[in-house]
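Enquirer: This structure is in structure tokens; I'll ask about it shortly.
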Amino acid sequence: MAKLYPEFTEAELRAFSLEKGALPRHVGVIMDGNGRWAKKRILPRSAGHRAGMEALREIVRFSHSAGIEALTVYAFSTENWSRPRAEVDALFSLLEEYFYKEIDELDANGVRIRIIGDASAFSGKLHDLLDSAVRRTSGNSGLCFNIALNYGSRAEIVHAVSSLIDDGVKSADLSESIIDSRLYTAGLPELDLIIRTAGEQRLSNFLLWQAAYAEFVFTSVLFPDFTPEEYAKCLVEYAHRTRKFGKVL
Ligand code: IPE
Ligand code: IPE
Ligand code: MG
């Protein structure tokens with residue numbers, strides 16, 4: 001039997017100092033620090049990625065329970081291909097394991113899975129698992145869970161613009177919303193918050209366009225140690241920000 005995620009009551013949210021009305025609708029997470037987590041324990045980097053996968057499972061559950069509409073996680077960048085082959089292979093086999101193990105639970109909880117990035121790079125078992133996870137959950141109406149895989153924001157923008165050119169869209173008809181509609185994130189709520197773990201303060205080619213008015217929260221916690229409690233602290237920090245969108249308040 002798949003585990004069903006509870007929906008937090010107002011009182012349960014308050015236990016994390018959170019309020020329903022002050023939550024972001026769409027959160028992006030740059031899951032960083034798996035390697036450092038492993039190094040501290042004199043373990044192979046793959047052990048850090050495994051621990052990161054376990055942390056991710058809890059972040060997805062918490063997002064759903066708190067009522068966040070969309071969660072986009074950065075799992076593998078276009079630049080990550082330059083890592084040692086053994087690490088790349090270990091990451092992909094962990095991803096296979098994640099989808100294989102989690103799909104029933106995610107589906108039972110109404111999670112809708114989307115892969116953002118150039119999925120054409122994947123073949124074989126991983127391709128089939130990704131494809132079936134996306135197809136199986138496409139009609140769900142719960143949390144939109146987007147996994148950025150072989151993702152690079154600049155490549156995403158190039159892809160969007162070239163699809164418009166291929167469709168014969170004239171420069172006079174170009175607009176922000178038409179570009180939005182061709183990005184991998186089309187149809188999702190505006191990105192409200194980007195969290196990056198492990199102390200780095202950069203985007204590393206993640207959601208450049210979408211981040212135009214997002215808030216940033218950086219935490220020094222390494223991703224495998226990023227528990228729902230740490231996540232909730234980032235959400236509380238977001239709730240205390242004043243978003244101005246260029247206006248005088
Ligand atoms: C993030 O952890 C996971 C991926 C990029 C896939 P890292 O592997 O980048 O961990 P650090 O930055 O080396 O600690
Ligand atoms: C960004 O982390 C990519 C992912 C989290 C998947 P990196 O660890 O690859 O980024 P840099 O190299 O520190 O900028
Ligand atoms: Mg890193």
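Identifiers for the structure tokens are assigned positionally: chains receive A, B, ... in sequence, residues are indexed from 1 per chain, and ligands are indexed from 1 in the order shown.
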Given a cut-off of 9 Å, what residues near ligand 2 show up using only C-alpha atoms and all ligand atoms, put as a CSV table (one decimal) with C-alpha atoms, in the first residue's frame?

Expert:
```csv
chain,number,residue,atom,x,y,z
A,29,VAL,CA,15.5,23.8,-5.4
A,30,ILE,CA,19.2,23.6,-6.4
A,31,MET,CA,20.1,20.4,-4.6
A,32,ASP,CA,23.8,20.9,-3.9
A,33,GLY,CA,26.4,19.5,-1.6
A,34,ASN,CA,26.0,15.7,-2.0
A,35,GLY,CA,29.7,15.3,-2.8
A,73,VAL,CA,14.3,20.4,-8.5
A,74,TYR,CA,17.7,20.6,-10.3
A,75,ALA,CA,18.9,17.0,-10.6
A,76,PHE,CA,21.4,17.1,-13.5
A,77,SER,CA,22.7,20.0,-15.4
A,78,THR,CA,23.9,20.1,-19.0
A,79,GLU,CA,27.3,20.9,-17.5
A,80,ASN,CA,27.2,17.9,-15.2
A,83,ARG,CA,31.9,14.8,-14.3
A,148,ALA,CA,15.4,19.2,-14.2
A,149,LEU,CA,17.5,16.6,-16.0
A,150,ASN,CA,20.0,17.4,-18.6
A,151,TYR,CA,18.7,20.9,-18.0
A,196,ARG,CA,20.1,26.6,-3.0
A,197,THR,CA,21.8,24.3,-0.4
A,200,GLU,CA,26.9,28.4,-2.9
A,201,GLN,CA,25.2,31.5,-4.1
A,202,ARG,CA,24.7,31.1,-7.8
A,203,LEU,CA,22.2,29.8,-10.3
A,204,SER,CA,24.5,27.5,-12.3
A,205,ASN,CA,22.2,27.8,-15.3
A,206,PHE,CA,18.9,27.0,-13.5
```

Enquirer: Write out as JSON lines a residue-level contact list of region 13-59 of chain A versus region 167-188 of chain A with cut-off 12 Å: for each qualifying residue the closest pair of atoms and the distance in Å to one decimal, counting only C-alpha atoms, rows sorted by chain and residue number upward.

Expert:
```
{"residue": "A:Arg25", "atom": "CA", "partner": "A:Leu188", "partner_atom": "CA", "distance": 9.3}
{"residue": "A:His26", "atom": "CA", "partner": "A:Leu188", "partner_atom": "CA", "distance": 7.8}
{"residue": "A:Val27", "atom": "CA", "partner": "A:Leu188", "partner_atom": "CA", "distance": 10.8}
{"residue": "A:Gly28", "atom": "CA", "partner": "A:Thr185", "partner_atom": "CA", "distance": 11.3}
```

Enquirer: Convert the current residue selection to file output with all heavy atoms, as a compact mmCIF listing (two decimals), in the first residue's frame.

Expert:
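File written: result-v1.txt
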```txt
# COMPACT_ATOMS: atom_id res chain seq x y z
N ARG A 25 3.91 29.57 -4.30
CA ARG A 25 3.16 28.59 -5.12
C ARG A 25 4.13 27.66 -5.83
O ARG A 25 3.82 26.50 -6.05
CB ARG A 25 2.30 29.34 -6.15
CG ARG A 25 1.17 30.12 -5.53
CD ARG A 25 0.37 30.85 -6.60
NE ARG A 25 -0.35 29.93 -7.48
CZ ARG A 25 -0.86 30.27 -8.65
NH1 ARG A 25 -0.73 31.50 -9.12
NH2 ARG A 25 -1.50 29.38 -9.39
N HIS A 26 5.29 28.22 -6.23
CA HIS A 26 6.24 27.42 -7.02
C HIS A 26 7.64 27.60 -6.43
O HIS A 26 8.14 28.72 -6.35
CB HIS A 26 6.18 27.89 -8.48
CG HIS A 26 7.04 27.10 -9.41
ND1 HIS A 26 7.09 27.37 -10.76
CD2 HIS A 26 7.91 26.07 -9.23
CE1 HIS A 26 7.92 26.53 -11.35
NE2 HIS A 26 8.45 25.74 -10.44
N VAL A 27 8.24 26.50 -6.03
CA VAL A 27 9.58 26.52 -5.42
C VAL A 27 10.57 25.78 -6.33
O VAL A 27 10.26 24.68 -6.81
CB VAL A 27 9.58 25.80 -4.04
CG1 VAL A 27 10.96 25.87 -3.39
CG2 VAL A 27 8.53 26.38 -3.11
N GLY A 28 11.73 26.36 -6.53
CA GLY A 28 12.82 25.68 -7.23
C GLY A 28 13.91 25.34 -6.22
O GLY A 28 14.23 26.17 -5.37
```

Enquirer: Expressed in Å to a single decimal, how great is the separation between CA of Arg243 (chain A) and CA of Val217 (chain A)?

Expert: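 Spanning CA of Arg243 (chain A) to CA of Val217 (chain A) is a straight-line distance of 13.6 Å.
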
Enquirer: Would you please extract all strand (DSSP E or B) residues from region 146-234 of chain A, as assigned by DSSP on the backbone, and give them as a list in words?

Expert: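 DSSP-assigned strand (DSSP E or B) residues in region 146-234 of chain A: Asn146, Ile147, Ala148, Leu149, Asn150, Tyr151, Leu193, Ile194, Ile195, Arg196, Glu215, Phe216, Val217 and Phe218 of chain A.
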
Enquirer: Save out the residues we just selected, N, CA and C atoms, as a JSON list (two decimals), in the first residue's frame.

Expert:
```json
[["chain", "number", "residue", "atom", "x", "y", "z"],
["A", 146, "ASN", "N", 8.55, 18.77, -10.90],
["A", 146, "ASN", "CA", 9.35, 18.89, -12.13],
["A", 146, "ASN", "C", 10.79, 18.55, -11.81],
["A", 147, "ILE", "N", 11.35, 17.64, -12.59],
["A", 147, "ILE", "CA", 12.73, 17.24, -12.34],
["A", 147, "ILE", "C", 13.57, 17.74, -13.51],
["A", 148, "ALA", "N", 14.51, 18.63, -13.19],
["A", 148, "ALA", "CA", 15.37, 19.19, -14.23],
["A", 148, "ALA", "C", 16.53, 18.24, -14.47],
["A", 149, "LEU", "N", 16.50, 17.63, -15.65],
["A", 149, "LEU", "CA", 17.46, 16.58, -16.00],
["A", 149, "LEU", "C", 18.06, 16.90, -17.34],
["A", 150, "ASN", "N", 19.36, 16.90, -17.42],
["A", 150, "ASN", "CA", 20.03, 17.37, -18.64],
["A", 150, "ASN", "C", 19.44, 18.74, -18.97],
["A", 151, "TYR", "N", 19.33, 19.55, -17.93],
["A", 151, "TYR", "CA", 18.70, 20.86, -18.04],
["A", 151, "TYR", "C", 19.76, 21.97, -18.01],
["A", 193, "LEU", "N", 10.22, 31.21, -5.48],
["A", 193, "LEU", "CA", 11.34, 31.03, -4.55],
["A", 193, "LEU", "C", 12.34, 30.03, -5.12],
["A", 194, "ILE", "N", 13.62, 30.38, -5.03],
["A", 194, "ILE", "CA", 14.69, 29.43, -5.35],
["A", 194, "ILE", "C", 15.50, 29.20, -4.08],
["A", 195, "ILE", "N", 15.66, 27.94, -3.72],
["A", 195, "ILE", "CA", 16.49, 27.58, -2.58],
["A", 195, "ILE", "C", 17.74, 26.90, -3.12],
["A", 196, "ARG", "N", 18.91, 27.31, -2.63],
["A", 196, "ARG", "CA", 20.12, 26.56, -2.97],
["A", 196, "ARG", "C", 20.79, 26.12, -1.67],
["A", 215, "GLU", "N", 12.34, 35.09, -5.23],
["A", 215, "GLU", "CA", 13.18, 35.33, -4.05],
["A", 215, "GLU", "C", 14.22, 34.22, -3.97],
["A", 216, "PHE", "N", 15.38, 34.53, -3.41],
["A", 216, "PHE", "CA", 16.45, 33.53, -3.25],
["A", 216, "PHE", "C", 16.69, 33.27, -1.78],
["A", 217, "VAL", "N", 16.77, 32.01, -1.42],
["A", 217, "VAL", "CA", 17.19, 31.66, -0.06],
["A", 217, "VAL", "C", 18.36, 30.69, -0.17],
["A", 218, "PHE", "N", 19.47, 31.07, 0.42],
["A", 218, "PHE", "CA", 20.65, 30.22, 0.42],
["A", 218, "PHE", "C", 20.86, 29.66, 1.81]]
```

Enquirer: Excluding Cys144 (chain A) and residues on its chain fewer than 3 positions from it, collect all residues at most 12 Å away from it, counting only C-alpha atoms, and give them as JSON, numbers by chain.

Expert: {"A": [25, 26, 27, 28, 60, 61, 63, 64, 67, 68, 69, 70, 71, 72, 73, 106, 107, 109, 110, 111, 112, 113, 114, 115, 116, 134, 137, 138, 139, 140, 141, 147, 185, 186, 187, 188, 189]}
